[in-house]
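Next up, upload_16.cif (mmCIF, C-alpha atoms):
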data_input
#
loop_
_atom_site.label_atom_id
_atom_site.label_comp_id
_atom_site.auth_asym_id
_atom_site.auth_seq_id
_atom_site.Cartn_x
_atom_site.Cartn_y
_atom_site.Cartn_z
CA MET A 1 0.00 0.00 0.00
CA ILE A 2 1.02 3.59 -0.49
CA HIS A 3 1.70 5.29 2.81
CA LEU A 4 1.15 9.01 2.38
CA ASN A 5 3.70 9.75 5.08
CA HIS A 6 6.32 7.90 3.04
CA LEU A 7 5.92 8.94 -0.58
CA PRO A 8 8.62 7.70 -2.97
CA ASN A 9 11.75 9.94 -2.97
CA CYS A 10 10.28 12.02 -0.17
CA SER A 11 12.49 14.73 1.35
CA PRO A 12 12.46 15.30 5.11
CA ASN A 13 10.55 18.61 5.09
CA GLU A 14 8.09 17.71 2.35
CA LYS A 15 4.41 18.04 3.28
CA ILE A 16 1.31 16.93 1.40
CA ILE A 17 -0.90 19.91 0.50
CA HIS A 18 -3.50 18.29 -1.78
CA PHE A 19 -4.48 14.67 -2.22
CA LEU A 20 -6.79 14.52 -5.21
CA ARG A 21 -9.03 12.08 -7.04
CA ARG A 22 -11.73 12.59 -9.64
CA HIS A 23 -14.98 13.92 -8.18
CA PRO A 24 -17.12 10.98 -6.91
CA ILE A 25 -20.01 12.19 -9.09
CA THR A 26 -18.05 10.93 -12.11
CA LEU A 27 -18.77 7.38 -10.88
CA ILE A 28 -22.56 7.83 -10.83
CA GLY A 29 -23.22 6.91 -14.49
CA LEU A 30 -21.07 3.82 -14.21
CA ILE A 31 -22.68 2.69 -10.96
CA ILE A 32 -26.21 3.18 -12.32
CA SER A 33 -25.43 1.12 -15.42
CA TYR A 34 -23.92 -1.70 -13.35
CA ILE A 35 -26.84 -1.66 -10.90
CA GLY A 36 -29.11 -1.93 -13.96
CA ILE A 37 -27.24 -5.05 -15.06
CA LEU A 38 -27.37 -6.48 -11.52
CA VAL A 39 -31.12 -5.87 -11.28
CA LEU A 40 -31.81 -7.63 -14.61
CA PRO A 41 -31.71 -11.16 -13.10
CA LEU A 42 -34.18 -10.05 -10.41
CA ILE A 43 -36.56 -8.69 -13.07
CA LEU A 44 -36.17 -11.97 -14.99
CA TYR A 45 -36.90 -13.90 -11.80
CA TRP A 46 -40.03 -11.79 -11.17
CA TYR A 47 -41.15 -12.40 -14.77
CA LEU A 48 -40.64 -16.16 -14.51
CA HIS A 49 -42.31 -16.30 -11.10
CA THR A 50 -45.32 -14.40 -12.42
CA TYR A 51 -45.78 -15.74 -15.94
CA GLN A 52 -43.62 -18.87 -16.36
CA ILE A 53 -43.62 -20.44 -12.92
CA TRP A 54 -43.09 -23.94 -14.40
CA ILE A 55 -39.50 -23.01 -15.29
CA LEU A 56 -38.68 -22.33 -11.63
CA GLN A 57 -40.13 -25.73 -10.68
CA ASP A 58 -38.37 -27.61 -13.48
CA PRO A 59 -35.49 -29.83 -12.22
CA VAL A 60 -33.49 -29.11 -15.40
CA TRP A 61 -34.09 -25.41 -16.01
CA LEU A 62 -33.77 -24.18 -12.43
CA PRO A 63 -30.10 -25.28 -12.08
CA ILE A 64 -29.35 -23.58 -15.41
CA ILE A 65 -30.95 -20.36 -14.18
CA VAL A 66 -28.98 -20.54 -10.91
CA LEU A 67 -25.69 -21.16 -12.76
CA ALA A 68 -26.30 -18.35 -15.25
CA GLY A 69 -27.56 -15.93 -12.58
CA SER A 70 -24.62 -16.48 -10.24
CA PHE A 71 -22.15 -16.22 -13.14
CA LEU A 72 -23.67 -12.94 -14.33
CA PHE A 73 -23.86 -11.45 -10.84
CA LEU A 74 -20.29 -12.38 -9.86
CA PHE A 75 -18.66 -11.08 -13.04
CA VAL A 76 -20.66 -7.84 -13.05
CA TRP A 77 -19.73 -7.36 -9.39
CA LEU A 78 -16.04 -7.99 -10.21
CA PHE A 79 -16.09 -5.52 -13.13
CA LEU A 80 -17.82 -2.93 -10.95
CA PHE A 81 -15.09 -3.33 -8.33
CA GLN A 82 -12.38 -3.07 -10.99
CA HIS A 83 -13.93 0.17 -12.28
CA PHE A 84 -14.04 1.49 -8.73
CA MET A 85 -10.35 0.56 -8.40
CA ASP A 86 -9.59 2.44 -11.61
CA TYR A 87 -11.15 5.50 -9.96
CA TYR A 88 -9.63 4.86 -6.53
CA LEU A 89 -6.07 4.25 -7.71
CA ASP A 90 -5.88 7.35 -9.94
CA ILE A 91 -4.31 9.87 -7.58
CA TRP A 92 -2.75 13.31 -7.84
CA VAL A 93 -0.65 14.48 -4.93
CA VAL A 94 0.57 18.04 -4.54
CA THR A 95 3.28 18.48 -1.93
CA THR A 96 5.37 21.47 -0.91
CA GLU A 97 8.02 20.38 -3.46
CA ARG A 98 6.40 18.44 -6.30
CA VAL A 99 3.32 17.13 -8.05
CA LEU A 100 2.81 13.38 -8.32
CA ASN A 101 0.57 11.80 -10.92
CA ILE A 102 -0.29 8.16 -10.22
CA GLU A 103 -2.55 6.57 -12.79
CA GLN A 104 -3.87 3.02 -12.97
CA ILE A 105 -4.94 1.92 -16.45
CA GLY A 106 -6.78 -1.38 -16.34
CA LEU A 107 -5.31 -4.14 -14.22
CA PHE A 108 -1.81 -4.31 -15.58
CA SER A 109 -0.76 -0.80 -16.50
CA ARG A 110 0.33 1.86 -14.05
CA HIS A 111 1.97 5.23 -14.72
CA ILE A 112 3.71 7.31 -12.07
CA SER A 113 5.12 10.69 -13.05
CA GLU A 114 6.54 13.50 -11.02
CA LEU A 115 7.01 17.19 -11.57
CA ARG A 116 9.03 19.60 -9.44
CA LEU A 117 7.03 22.68 -8.48
CA TYR A 118 9.74 25.11 -9.61
CA GLN A 119 9.43 23.72 -13.16
CA ILE A 120 5.81 24.81 -13.46
CA GLN A 121 5.20 27.66 -15.90
CA ASP A 122 1.45 27.79 -16.21
CA VAL A 123 -1.57 26.36 -14.39
CA THR A 124 -5.03 26.46 -15.95
CA SER A 125 -8.34 25.36 -14.46
CA ASN A 126 -11.16 24.38 -16.76
CA VAL A 127 -14.82 23.89 -15.77
CA THR A 128 -17.26 23.33 -18.63
CA GLY A 129 -20.89 22.26 -18.47
CA ALA A 130 -23.82 22.88 -16.14
CA ILE A 131 -23.29 19.93 -13.80
CA LYS A 132 -19.56 20.60 -13.46
CA THR A 133 -20.25 24.26 -12.73
CA LEU A 134 -22.92 23.44 -10.15
CA LEU A 135 -20.81 20.83 -8.39
CA ASP A 136 -17.57 22.75 -8.92
CA TYR A 137 -15.35 20.14 -10.50
CA GLY A 138 -13.20 20.16 -13.63
CA ASN A 139 -9.70 19.85 -15.03
CA VAL A 140 -6.49 21.48 -13.87
CA GLU A 141 -3.75 21.63 -16.48
CA ILE A 142 -0.16 22.18 -15.43
CA GLN A 143 2.28 23.26 -18.10
CA THR A 144 6.02 23.02 -17.72
CA ALA A 145 8.90 24.56 -19.60
CA GLY A 146 10.08 23.27 -22.94
CA GLU A 147 8.80 20.09 -24.49
CA LYS A 148 8.05 18.32 -21.22
CA ALA A 149 4.64 16.74 -21.01
CA ARG A 150 1.82 18.62 -19.31
CA PHE A 151 0.11 17.35 -16.19
CA LEU A 152 -3.65 17.02 -16.17
CA PHE A 153 -5.74 16.62 -13.03
CA GLU A 154 -8.97 15.23 -14.45
CA GLU A 155 -12.37 16.17 -13.03
CA VAL A 156 -11.05 17.10 -9.60
CA PRO A 157 -13.17 19.03 -7.08
CA HIS A 158 -12.60 22.83 -6.76
CA PRO A 159 -10.23 23.16 -9.76
CA SER A 160 -9.78 26.94 -9.55
CA ARG A 161 -8.83 26.72 -5.88
CA ILE A 162 -6.37 23.92 -6.67
CA ALA A 163 -4.88 25.86 -9.60
CA LYS A 164 -4.40 28.96 -7.44
CA SER A 165 -2.79 26.88 -4.70
CA VAL A 166 -0.41 25.15 -7.16
CA ILE A 167 0.65 28.53 -8.56
CA GLU A 168 1.35 29.86 -5.08
CA LEU A 169 3.28 26.74 -4.11
CA SER A 170 5.33 26.85 -7.32
CA GLU A 171 6.24 30.49 -6.69
CA ILE A 172 7.40 29.67 -3.18
CA ASP A 173 9.39 26.69 -4.45
CA ARG A 174 10.84 28.70 -7.35
CA LYS A 175 12.23 31.23 -4.90
CA LYS A 176 13.90 28.35 -3.08
CA HIS A 177 15.30 26.81 -6.25
CA LEU A 178 15.91 29.93 -8.30
CA ASP A 179 19.28 28.83 -9.55
CA GLU A 180 18.06 25.36 -10.56
CA ALA A 181 15.01 26.81 -12.29
CA VAL A 182 17.06 29.19 -14.38
CA GLU A 183 19.32 26.29 -15.32
CA GLY A 184 16.29 24.23 -16.33
CA PHE A 185 14.80 26.92 -18.56
CA THR A 186 18.04 27.50 -20.49
CA MET B 1 -29.33 -33.23 -26.07
CA PHE B 2 -26.38 -32.87 -23.74
CA PRO B 3 -25.78 -33.71 -20.08
CA LEU B 4 -26.52 -31.03 -17.49
CA LEU B 5 -23.14 -31.88 -15.99
CA TRP B 6 -21.41 -30.08 -18.87
CA LEU B 7 -22.95 -26.83 -17.75
CA LEU B 8 -21.69 -27.42 -14.21
CA VAL B 9 -18.17 -28.08 -15.55
CA ALA B 10 -18.34 -24.89 -17.66
CA TRP B 11 -19.54 -22.96 -14.59
CA LEU B 12 -16.69 -24.38 -12.48
CA ILE B 13 -14.13 -23.34 -15.13
CA LEU B 14 -15.62 -19.83 -15.25
CA MET B 15 -15.57 -19.66 -11.45
CA ALA B 16 -11.89 -20.66 -11.46
CA LEU B 17 -11.28 -17.78 -13.89
CA PHE B 18 -13.32 -15.52 -11.62
CA GLY B 19 -11.20 -16.64 -8.65
CA ILE B 20 -7.95 -15.83 -10.48
CA LEU B 21 -9.23 -12.40 -11.56
CA THR B 22 -10.46 -11.69 -8.04
CA LEU B 23 -7.09 -12.66 -6.58
CA ILE B 24 -5.24 -10.38 -9.02
CA THR B 25 -7.68 -7.51 -8.44
CA VAL B 26 -7.55 -7.68 -4.66
CA SER B 27 -3.77 -8.07 -4.57
CA LEU B 28 -3.33 -5.05 -6.87
CA ASN B 29 -5.70 -3.06 -4.69
CA PHE B 30 -3.71 -3.90 -1.57
CA ARG B 31 -0.41 -3.17 -3.28
CA TYR B 32 -1.23 0.20 -4.85
CA ALA B 33 -4.12 1.72 -2.90
CA PRO B 34 -3.40 4.33 -0.24
CA ALA B 35 -3.27 2.83 3.23
CA GLY B 36 -6.50 3.57 5.06
CA MET B 37 -9.92 2.41 6.15
CA THR B 38 -11.57 2.97 2.74
CA THR B 39 -9.24 0.46 1.10
CA TYR B 40 -9.96 -2.20 3.72
CA VAL B 41 -13.73 -1.56 3.85
CA THR B 42 -14.29 -1.58 0.07
CA THR B 43 -12.24 -4.76 -0.37
CA LEU B 44 -14.06 -6.42 2.53
CA VAL B 45 -17.49 -5.49 1.09
CA PHE B 46 -16.45 -6.84 -2.32
CA LEU B 47 -15.25 -10.13 -0.84
CA LEU B 48 -18.26 -10.50 1.49
CA VAL B 49 -20.70 -10.19 -1.43
CA VAL B 50 -18.69 -12.78 -3.41
CA VAL B 51 -18.71 -15.18 -0.44
CA GLY B 52 -22.44 -14.47 0.03
CA VAL B 53 -23.22 -15.49 -3.56
CA PHE B 54 -21.28 -18.75 -3.15
CA VAL B 55 -22.91 -19.46 0.22
CA LEU B 56 -26.35 -19.08 -1.41
CA THR B 57 -25.52 -20.95 -4.62
CA ILE B 58 -23.43 -23.95 -3.61
CA PRO B 59 -25.87 -25.59 -1.14
CA TYR B 60 -28.52 -25.59 -3.90
CA LEU B 61 -26.12 -26.92 -6.54
CA VAL B 62 -25.19 -29.83 -4.26
CA THR B 63 -28.83 -31.00 -4.27
CA VAL B 64 -29.18 -31.01 -8.09
CA ASP B 65 -29.19 -34.27 -10.04
CA TRP B 66 -26.49 -33.52 -12.63
CA SER B 67 -27.01 -36.80 -14.50
CA GLN B 68 -30.06 -35.34 -16.27
CA SER B 69 -29.86 -34.29 -19.89
CA ILE B 70 -31.13 -31.13 -21.45
CA ASN B 71 -32.77 -30.66 -24.81
CA LEU B 72 -32.55 -26.92 -25.44
CA PHE B 73 -35.41 -26.82 -27.91
CA GLY B 74 -37.52 -29.69 -26.72
CA ASP B 75 -37.50 -28.62 -23.06
CA LEU B 76 -38.73 -25.12 -23.78
CA GLY B 77 -42.42 -24.46 -23.57
CA PRO B 78 -45.03 -24.41 -20.82
CA ARG B 79 -45.74 -27.63 -18.95
CA ILE B 80 -49.40 -28.52 -18.45
#
If you took the structure in this file and wrote it as structure tokens, what would it be?
Amino acid sequence: MIHLNHLPNCSPNEKIIHFLRRHPITLIGLIISYIGILVLPLILYWYLHTYQIWILQDPVWLPIIVLAGSFLFLFVWLFLFQHFMDYYLDIWVVTTERVLNIEQIGLFSRHISELRLYQIQDVTSNVTGAIKTLLDYGNVEIQTAGEKARFLFEEVPHPSRIAKSVIELSEIDRKKHLDEAVEGFT
Amino acid sequence: MFPLLWLLVAWLILMALFGILTLITVSLNFRYAPAGMTTYVTTLVFLLVVVGVFVLTIPYLVTVDWSQSINLFGDLGPRI
């Protein structure tokens, strides 16, 4: 497990400022669709019980229904848990010295990238759409110098507040690492 | 016509696959998730539901006569 007190390559005075995941509302559509699939066997059972009761009393068909029902339920439940994990294991951590992007893609792919705060050149928050505006969640884009890849916090809560905080932290860190930053830009 | 037992064997193979996938999923969750109550609680809920389904299913499956055969087309239709 990841212990937040012991992040990889952590320096002694480093403190976690933000620990971010996508807004939980982004899971709602997925959960509703999975619950729909899980409820289907119950609807089928109700239908059979009401209109085709002989199937539920048949010594051949009932075992088939039980096998198929348990198979469907277990695999849908497993896929739902895996999707939850995909949400749960995607993490962005902002500390007093760096930004960590930890991303789980499926079961067997995991990306961890790191960005020093003094390297940050531009931070943009982006909230588009009625629901995102009402619930105050959106993207935060962090741009670094040169051709280095940008960082994207996807659908995180309070993006403008996060963006402002990252800018402030990067300015503080840049003052500390002024010489290194100048070296990096040239 | 084919024996009902074939379906049980197919189900057992699929459940073995399910077991392997569950093992991988849970081990990845414990390896990469942040340490905390949420990780333990969600994994426990997931596993409890899985155990619950097996606890409900297996006692019934034990009572079934698997030597019967099934005729997919002939067995369909209301019994009078």
Once you count all atoms listed in the file, what closest atom pair and distance in Å to one decimal does each residue of chain B within 9 Å of chain A have, with rows by chain and rising residue number, as a Markdown table?
| residue | atom | partner | partner_atom | distance |
| --- | --- | --- | --- | --- |
| B:Leu4 | CA | A:Val60 | CA | 7.5 |
| B:Leu7 | CA | A:Ile64 | CA | 7.5 |
| B:Leu8 | CA | A:Leu67 | CA | 7.6 |
| B:Trp11 | CA | A:Leu67 | CA | 6.7 |
| B:Leu14 | CA | A:Phe71 | CA | 7.8 |
| B:Met15 | CA | A:Phe71 | CA | 7.6 |
| B:Phe18 | CA | A:Phe75 | CA | 7.1 |
| B:Leu21 | CA | A:Leu78 | CA | 8.2 |
| B:Thr22 | CA | A:Leu78 | CA | 7.0 |
| B:Ile24 | CA | A:Leu107 | CA | 8.1 |
| B:Thr25 | CA | A:Gln82 | CA | 7.0 |
| B:Leu28 | CA | A:Leu107 | CA | 7.7 |
| B:Asn29 | CA | A:Met85 | CA | 7.0 |
| B:Phe30 | CA | A:Met1 | CA | 5.6 |
| B:Arg31 | CA | A:Met1 | CA | 4.6 |
| B:Tyr32 | CA | A:Met1 | CA | 5.0 |
| B:Ala33 | CA | A:Met1 | CA | 5.3 |
| B:Pro34 | CA | A:Ile2 | CA | 4.5 |
| B:Ala35 | CA | A:Met1 | CA | 5.4 |
| B:Gly36 | CA | A:His3 | CA | 8.7 |
| B:Thr39 | CA | A:Tyr88 | CA | 8.8 |
| B:Thr42 | CA | A:Phe81 | CA | 8.6 |
| B:Thr43 | CA | A:Phe81 | CA | 8.6 |
| B:Phe46 | CA | A:Phe81 | CA | 7.1 |
| B:Val49 | CA | A:Trp77 | CA | 8.5 |
| B:Val50 | CA | A:Leu74 | CA | 6.7 |
| B:Val53 | CA | A:Ser70 | CA | 6.9 |
| B:Phe54 | CA | A:Ser70 | CA | 8.2 |
| B:Thr57 | CA | A:Val66 | CA | 7.2 |
| B:Tyr60 | CA | A:Pro63 | CA | 8.3 |
| B:Leu61 | CA | A:Pro63 | CA | 7.0 |
| B:Val64 | CA | A:Pro63 | CA | 7.0 |
| B:Asp65 | CA | A:Pro59 | CA | 8.0 |
| B:Trp66 | CA | A:Val60 | CA | 8.7 |
| B:Gln68 | CA | A:Val60 | CA | 7.2 |
| B:Ser69 | CA | A:Val60 | CA | 7.8 |
| B:Ile70 | CA | A:Val60 | CA | 6.8 |
| B:Asp75 | CA | A:Trp61 | CA | 8.5 |
| B:Leu76 | CA | A:Ile55 | CA | 8.8 |
| B:Gly77 | CA | A:Ile55 | CA | 8.9 |
| B:Pro78 | CA | A:Trp54 | CA | 6.7 |
| B:Arg79 | CA | A:Trp54 | CA | 6.4 |
| B:Ile80 | CA | A:Trp54 | CA | 8.8 |
Step by step, work through what the PyMOL selection byres ((chain A and resi 31) around 12) selects in the shown file, and finish by giving those residues as a PDB file with C-alpha atoms, keeping the file's coordinate frame.
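To be explicit, this is the file written out as result31.pdb:
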ATOM      1  CA  PRO A  24     -17.120  10.980  -6.910  1.00  0.00           C
ATOM      2  CA  ILE A  25     -20.010  12.190  -9.090  1.00  0.00           C
ATOM      3  CA  THR A  26     -18.050  10.930 -12.110  1.00  0.00           C
ATOM      4  CA  LEU A  27     -18.770   7.380 -10.880  1.00  0.00           C
ATOM      5  CA  ILE A  28     -22.560   7.830 -10.830  1.00  0.00           C
ATOM      6  CA  GLY A  29     -23.220   6.910 -14.490  1.00  0.00           C
ATOM      7  CA  LEU A  30     -21.070   3.820 -14.210  1.00  0.00           C
ATOM      8  CA  ILE A  32     -26.210   3.180 -12.320  1.00  0.00           C
ATOM      9  CA  SER A  33     -25.430   1.120 -15.420  1.00  0.00           C
ATOM     10  CA  TYR A  34     -23.920  -1.700 -13.350  1.00  0.00           C
ATOM     11  CA  ILE A  35     -26.840  -1.660 -10.900  1.00  0.00           C
ATOM     12  CA  GLY A  36     -29.110  -1.930 -13.960  1.00  0.00           C
ATOM     13  CA  ILE A  37     -27.240  -5.050 -15.060  1.00  0.00           C
ATOM     14  CA  LEU A  38     -27.370  -6.480 -11.520  1.00  0.00           C
ATOM     15  CA  VAL A  76     -20.660  -7.840 -13.050  1.00  0.00           C
ATOM     16  CA  TRP A  77     -19.730  -7.360  -9.390  1.00  0.00           C
ATOM     17  CA  PHE A  79     -16.090  -5.520 -13.130  1.00  0.00           C
ATOM     18  CA  LEU A  80     -17.820  -2.930 -10.950  1.00  0.00           C
ATOM     19  CA  PHE A  81     -15.090  -3.330  -8.330  1.00  0.00           C
ATOM     20  CA  GLN A  82     -12.380  -3.070 -10.990  1.00  0.00           C
ATOM     21  CA  HIS A  83     -13.930   0.170 -12.280  1.00  0.00           C
ATOM     22  CA  PHE A  84     -14.040   1.490  -8.730  1.00  0.00           C
ATOM     23  CA  TYR A  87     -11.150   5.500  -9.960  1.00  0.00           C
TER      24      TYR A  87
END
Residues within 9 Å of Glu114 in chain A, only C-alpha atoms, excluding chain neighbours under 4 positions, as a compact mmCIF listing (two decimals) with C-alpha atoms, in the frame of the given file:
# COMPACT_ATOMS: atom_id res chain seq x y z
CA ARG A 98 6.40 18.44 -6.30
CA VAL A 99 3.32 17.13 -8.05
CA LEU A 100 2.81 13.38 -8.32
CA ASN A 101 0.57 11.80 -10.92
CA ILE A 102 -0.29 8.16 -10.22
Edge lengths and centre in Å to one decimal, as lines of an AutoDock Vina configuration file, of the axis-aligned box that encloses all listed atoms of range 50-68 of chain A with 5 Å added on every side?
center_x = -35.7
center_y = -22.1
center_z = -13.5
size_x = 30.1
size_y = 25.4
size_z = 15.7
Worksheet item: Residues around (-1.9, 20.1, -14.4), cut-off 9 Å, counting all atoms listed in the file - what are they as a ChimeraX atom specification?
Response: /A:99,122-125,139-143,150-154,163,166
Item to complete: Report the distance between CA of Leu23 in chain B and CA of Val9 in chain B in Å, rounded to one decimal place.
Response: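 Atom-to-atom, CA of Leu23 in chain B to CA of Val9 in chain B, that is 21.0 Å.
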Fill in: Pairwise distance for CA of Ala10 in chain B and CA of Ile65 in chain A, rounded to one decimal in Å
13.8 Å
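In this model, the gap between CA of Thr96 in chain A and CA of His18 in chain A comes to 9.5 Å.
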Add whatever atoms are absent from range 27-41 of chain B to reach N, CA, C and O atoms, and provide the output as a short mmCIF file (atom, residue, chain, number, x, y, z; two decimals), keeping the file's coordinate frame.
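What follows is the written file part_10.cif:
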data_model
loop_
_atom_site.label_atom_id
_atom_site.label_comp_id
_atom_site.auth_asym_id
_atom_site.auth_seq_id
_atom_site.Cartn_x
_atom_site.Cartn_y
_atom_site.Cartn_z
N SER B 27 -5.19 -8.26 -4.89
CA SER B 27 -3.77 -8.07 -4.57
C SER B 27 -3.25 -6.73 -5.12
O SER B 27 -2.48 -6.04 -4.45
N LEU B 28 -3.72 -6.35 -6.32
CA LEU B 28 -3.33 -5.05 -6.87
C LEU B 28 -3.86 -3.91 -6.01
O LEU B 28 -3.17 -2.91 -5.77
N ASN B 29 -5.10 -4.08 -5.54
CA ASN B 29 -5.70 -3.06 -4.69
C ASN B 29 -4.89 -2.88 -3.41
O ASN B 29 -4.60 -1.76 -2.99
N PHE B 30 -4.48 -3.99 -2.82
CA PHE B 30 -3.71 -3.90 -1.57
C PHE B 30 -2.30 -3.37 -1.82
O PHE B 30 -1.71 -2.75 -0.96
N ARG B 31 -1.77 -3.62 -3.01
CA ARG B 31 -0.41 -3.17 -3.28
C ARG B 31 -0.36 -1.66 -3.57
O ARG B 31 0.54 -0.97 -3.13
N TYR B 32 -1.33 -1.17 -4.34
CA TYR B 32 -1.23 0.20 -4.85
C TYR B 32 -2.16 1.21 -4.19
O TYR B 32 -1.96 2.41 -4.38
N ALA B 33 -3.17 0.76 -3.48
CA ALA B 33 -4.12 1.72 -2.90
C ALA B 33 -3.48 2.42 -1.70
O ALA B 33 -2.61 1.85 -1.04
N PRO B 34 -3.91 3.65 -1.43
CA PRO B 34 -3.40 4.33 -0.24
C PRO B 34 -3.84 3.60 1.03
O PRO B 34 -4.96 3.11 1.09
N ALA B 35 -2.94 3.51 1.98
CA ALA B 35 -3.27 2.83 3.23
C ALA B 35 -4.38 3.60 3.93
O ALA B 35 -4.30 4.81 4.07
N GLY B 36 -5.41 2.89 4.35
CA GLY B 36 -6.50 3.57 5.06
C GLY B 36 -7.73 2.70 5.13
O GLY B 36 -7.81 1.65 4.49
N MET B 37 -8.70 3.18 5.91
CA MET B 37 -9.92 2.41 6.15
C MET B 37 -10.71 2.13 4.87
O MET B 37 -11.25 1.04 4.70
N THR B 38 -10.77 3.13 3.97
CA THR B 38 -11.57 2.97 2.74
C THR B 38 -11.10 1.76 1.95
O THR B 38 -11.92 0.99 1.43
N THR B 39 -9.79 1.59 1.86
CA THR B 39 -9.24 0.46 1.10
C THR B 39 -9.69 -0.87 1.72
O THR B 39 -10.15 -1.77 1.02
N TYR B 40 -9.58 -0.95 3.05
CA TYR B 40 -9.96 -2.20 3.72
C TYR B 40 -11.46 -2.45 3.61
O TYR B 40 -11.90 -3.56 3.33
N VAL B 41 -12.27 -1.39 3.83
CA VAL B 41 -13.73 -1.56 3.85
C VAL B 41 -14.26 -1.95 2.47
O VAL B 41 -15.05 -2.89 2.35
#
